[in-house]
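K.L.:
Here it is, the structure in full.
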Amino acid sequence: MNELCAERQWVCEAMRRINADFNRSADTHLIKLDLPGFPDQTLYLKDESIHPSGSLKHRLARSLYLYGLCNGRIGPDTVIVESSSGSTAVSEAYFAKILGLRFIAVLPEGTAQKKIDQIAFYGAETHAVPAPEIYAEAERIAADLGGHYMDQFTFAERATDWRGNNNIAESLFAQLALEQHSIPDWVVMSAGTGGTSATIGRYIRYRADLAEKTQLCVADPENSVFYDHFMTGDPDLRINGRSRIEGIGRPRVEASFQPRIIDRMMQVPDAASLATIHWLETVIGRKCGGSTGTNVWAALTLMAEMRDAGQAGSIATLICDGGERYLDTYYDAGWLEKQGLDLDPHLKEIAALTV
C-alpha cells in the first residue's frame, strides 16, 4: 500500500472513530426555569456541561477535527497545537486521545489548574505563556514540529455547519418545539471565539420562522474588546489584560466573531457574572462556570425588560461548563477578595428581580 493510500485509510478510520463517539452521545438537556419573579417569562438553559469533555467546546473541538481531517491538514503523525484558555484545549485533547495524536495546548498563565489537570488526563501537554502571546507561541510550536495549529479563533465560525448537522442552534430550537413559547424572543450567548454566536445568529436567519421573532444578544465580560468593537466597528482594538471569566472575552477582535448577525450586545461586570453562578446554584442545585453567569445575568436583564413591557415569552441561553473547574477561584472567598470582587450588590439585585 503506497503512502497516500495508507494516509487515506487512516483518515477513514479517524472519521469512523469521531462519528462513533458522536453516535454514543446523547443530546444535551434543556432545563426549564420557572422563576417566581417572572410569571410570564420563561428561562431555558441548554446544559452543555454534560458533554464527555465537560463543556460547550466539545462541539467545537469535534468540528475543528473534522474540518482539519476533511481539508487534508491532519494525518496519522500530525502534532495538533491549539491556543486556548482551557475548555477548548480539554475538548481537543479528548479527541486527540481518540485518534492517537500528540496534542499541545498553549494556555494563558493563570488558567484554572483543574483544566490543566484535565488536559493532562487525556495524555496531552500544556505550555503556559502570558495571555497576549498564546497565538504566536502556538503558531511557532506547530511550525517547529511540522504540526497543525487548529486556531479556533479563526476557524470556529467556518468549521461548524451552521445549517444543521446537530449544531447547537438546531438542537436548541428542536428541543423548544413543544414549549408554550416555542420560538424564543432572545437567545443569549457570550463570546470567546465568536463561533457559537455566529452559528446561532446564522441559523436564526436561515429559519424564516425564527428570524421573524428571535433576536441574538451577545454578552461580553470585562477585559474584552468584543463589545467596543460591536459599538464602534473598529477591528484593530487591543487590550493587554485577560478576561477573568475563562473561556469568553478576548484581547483582540477574533476572525470568528461576526457582529453583523448580532442584534444586541451587553457588557456584564465580572462581579455580576460570578454572583449569578452563586445564585444559580441555589436554583438548579449545582455549580456552573463563570461564562454561564455572564449568559444568565444578561438573560435575566432581558427578562426584566420584557416583564416591564408586559411582554410574555421565553429566553434561551447556555450552561457552558461545570463549576468544579473553578473551586479555587470563582467559588473561593479568598480569591474573590483578592480580585476585589464584591458579589453582594449583584446578589441582592438578582434576588429583587427573581423573587
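Lettering and numbering for the C-alpha cells are positional, with chains as A, B, ... in the shown order, residues counted from 1 in each chain, and ligands counted from 1 in the shown order.
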Which parts of segment 6-217 of chain A does DSSP call helix (DSSP H, G or I) when run on the backbone here, written out as an NGL selection string?
P.N.:
:A and (6-23 or 48-50 or 57-70 or 87-99 or 113-121 or 131-145 or 152-159 or 168-175 or 195-206 or 208-211)
K.L.:
Can you list, as a list in words, every protein, DNA or RNA residue that comes within 7 Å of Ala131 of chain A when you count only C-alpha atoms, leaving out same-chain residues fewer than 3 positions away?
P.N.:
Pro108, Glu109, Ile134 and Arg242 of chain A
K.L.:
Could you take the residues named above and write them with N, CA and C atoms, as a tab-separated table (two decimals), in the first residue's frame?
P.N.:
```
chain	number	residue	atom	x	y	z
A	108	PRO	N	-2.96	30.57	28.51
A	108	PRO	CA	-2.53	31.78	29.20
A	108	PRO	C	-2.15	31.47	30.64
A	109	GLU	N	-1.13	32.12	31.13
A	109	GLU	CA	-0.74	31.95	32.53
A	109	GLU	C	-1.94	32.26	33.44
A	134	ILE	N	-0.32	33.82	23.36
A	134	ILE	CA	-0.73	32.43	23.08
A	134	ILE	C	-0.83	32.15	21.59
A	242	ARG	N	-6.34	40.15	30.40
A	242	ARG	CA	-7.09	38.96	30.00
A	242	ARG	C	-8.37	38.91	30.82
```
K.L.:
Kindly indicate which residue among A:Trp279, A:Tyr227, A:Tyr149, A:Phe257 lies nearest to Ser83 of chain A, using only C-alpha atoms for the distances.
P.N.:
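Answer, going by the shortest atom-to-atom distance: A:Tyr149.
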K.L.:
Show which residues sit within 8 Å of Leu69 of chain A, as a PyMOL selection string. Count only C-alpha atoms, and ignore same-chain residues fewer than 5 positions away.
P.N.:
chain A and resi 11+15+74-75
K.L.:
Include N, CA and C atoms and write out the residues we just selected as a PDB file, in the first residue's frame.
P.N.:
```pdb
ATOM      1  N   VAL A  11      -7.314   8.334   7.651  1.00  0.00           N
ATOM      2  CA  VAL A  11      -8.352   9.367   7.742  1.00  0.00           C
ATOM      3  C   VAL A  11      -9.732   8.725   7.839  1.00  0.00           C
ATOM      4  N   MET A  15     -12.256   9.301  10.953  1.00  0.00           N
ATOM      5  CA  MET A  15     -13.645   9.742  10.813  1.00  0.00           C
ATOM      6  C   MET A  15     -14.595   8.748  11.471  1.00  0.00           C
ATOM      7  N   ILE A  74      -4.770  17.124   8.763  1.00  0.00           N
ATOM      8  CA  ILE A  74      -4.465  16.226   9.876  1.00  0.00           C
ATOM      9  C   ILE A  74      -4.265  14.824   9.328  1.00  0.00           C
ATOM     10  N   GLY A  75      -3.118  14.255   9.644  1.00  0.00           N
ATOM     11  CA  GLY A  75      -2.803  12.889   9.249  1.00  0.00           C
ATOM     12  C   GLY A  75      -2.367  12.079  10.450  1.00  0.00           C
TER      13      GLY A  75
END
```
K.L.:
Name the residues of segment 15-254 of chain A that come out as strand (DSSP E) in a backbone DSSP run; write them as JSON, numbers by chain.
P.N.:
{"A": [30, 31, 32, 33, 41, 42, 43, 44, 45, 46, 47, 80, 81, 82, 83, 103, 104, 105, 106, 107, 108, 125, 126, 127, 128, 129, 148, 149, 186, 187, 188, 189, 190, 215, 216, 217, 218, 219, 220]}
K.L.:
Give me the residues near Thr329 of chain A as a list in words, where near means some atom within 10 Å (using only C-alpha atoms) and where sequence neighbours in that chain fewer than 5 positions away do not count.
P.N.:
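In the requested form, the answer reads Ala112, Gln113, Arg244, Gly290, Gly323, Gly334, Trp335, Leu336 and Gln339 of chain A.
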K.L.:
Do you know which residues are at most 12 Å from segment 285-287 of chain A counting only C-alpha atoms, after dropping those on the same chain fewer than 5 positions away, and could you put them as a list in words?
P.N.:
Asp47, Ser49, Leu274, Ala275, Thr276, Ile277, His278, Trp279, Leu280, Thr292, Gly293, Ile319, Cys320, Asp321, Gly322, Gly323, Glu324, Arg325, Tyr326, Leu327, Tyr330 and Tyr331 of chain A
K.L.:
Please identify all polymer residues within 9 Å of Met303 of chain A, counting only C-alpha atoms, omitting same-chain residues fewer than 2 positions from it, and present them as a PyMOL selection string.
P.N.:
chain A and resi 38+41-43+298-301+305-308+313-315
K.L.:
Counting only C-alpha atoms, what is within 10 Å of Ile31 of chain A, bar same-chain residues fewer than 5 positions away, as a list in words?
P.N.:
Leu43, Tyr44, Leu45, Lys46, Asp47, Ile284, Ala316, Thr317, Leu318 and Ile319 of chain A
K.L.:
Go ahead and write the residues just picked, C-alpha atoms, as an mmCIF file, in the first residue's frame.
P.N.:
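Final output, result11.cif:
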```cif
data_model
loop_
_atom_site.group_PDB
_atom_site.id
_atom_site.type_symbol
_atom_site.label_atom_id
_atom_site.label_comp_id
_atom_site.auth_asym_id
_atom_site.auth_seq_id
_atom_site.Cartn_x
_atom_site.Cartn_y
_atom_site.Cartn_z
ATOM 1 C CA LEU A 43 -35.800 30.951 31.016
ATOM 2 C CA TYR A 44 -34.278 27.887 29.344
ATOM 3 C CA LEU A 45 -30.731 26.678 29.972
ATOM 4 C CA LYS A 46 -29.171 24.280 27.465
ATOM 5 C CA ASP A 47 -26.732 22.277 29.547
ATOM 6 C CA ILE A 284 -30.528 24.188 39.964
ATOM 7 C CA ALA A 316 -32.760 30.635 25.991
ATOM 8 C CA THR A 317 -29.116 30.544 26.945
ATOM 9 C CA LEU A 318 -26.366 28.027 27.741
ATOM 10 C CA ILE A 319 -24.643 26.371 30.668
#
```
K.L.:
Provide the atom CA of Glu137 of chain A to atom CA of Ala105 of chain A distance in Å, to one decimal place.
P.N.:
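So the answer is 10.2 Å.
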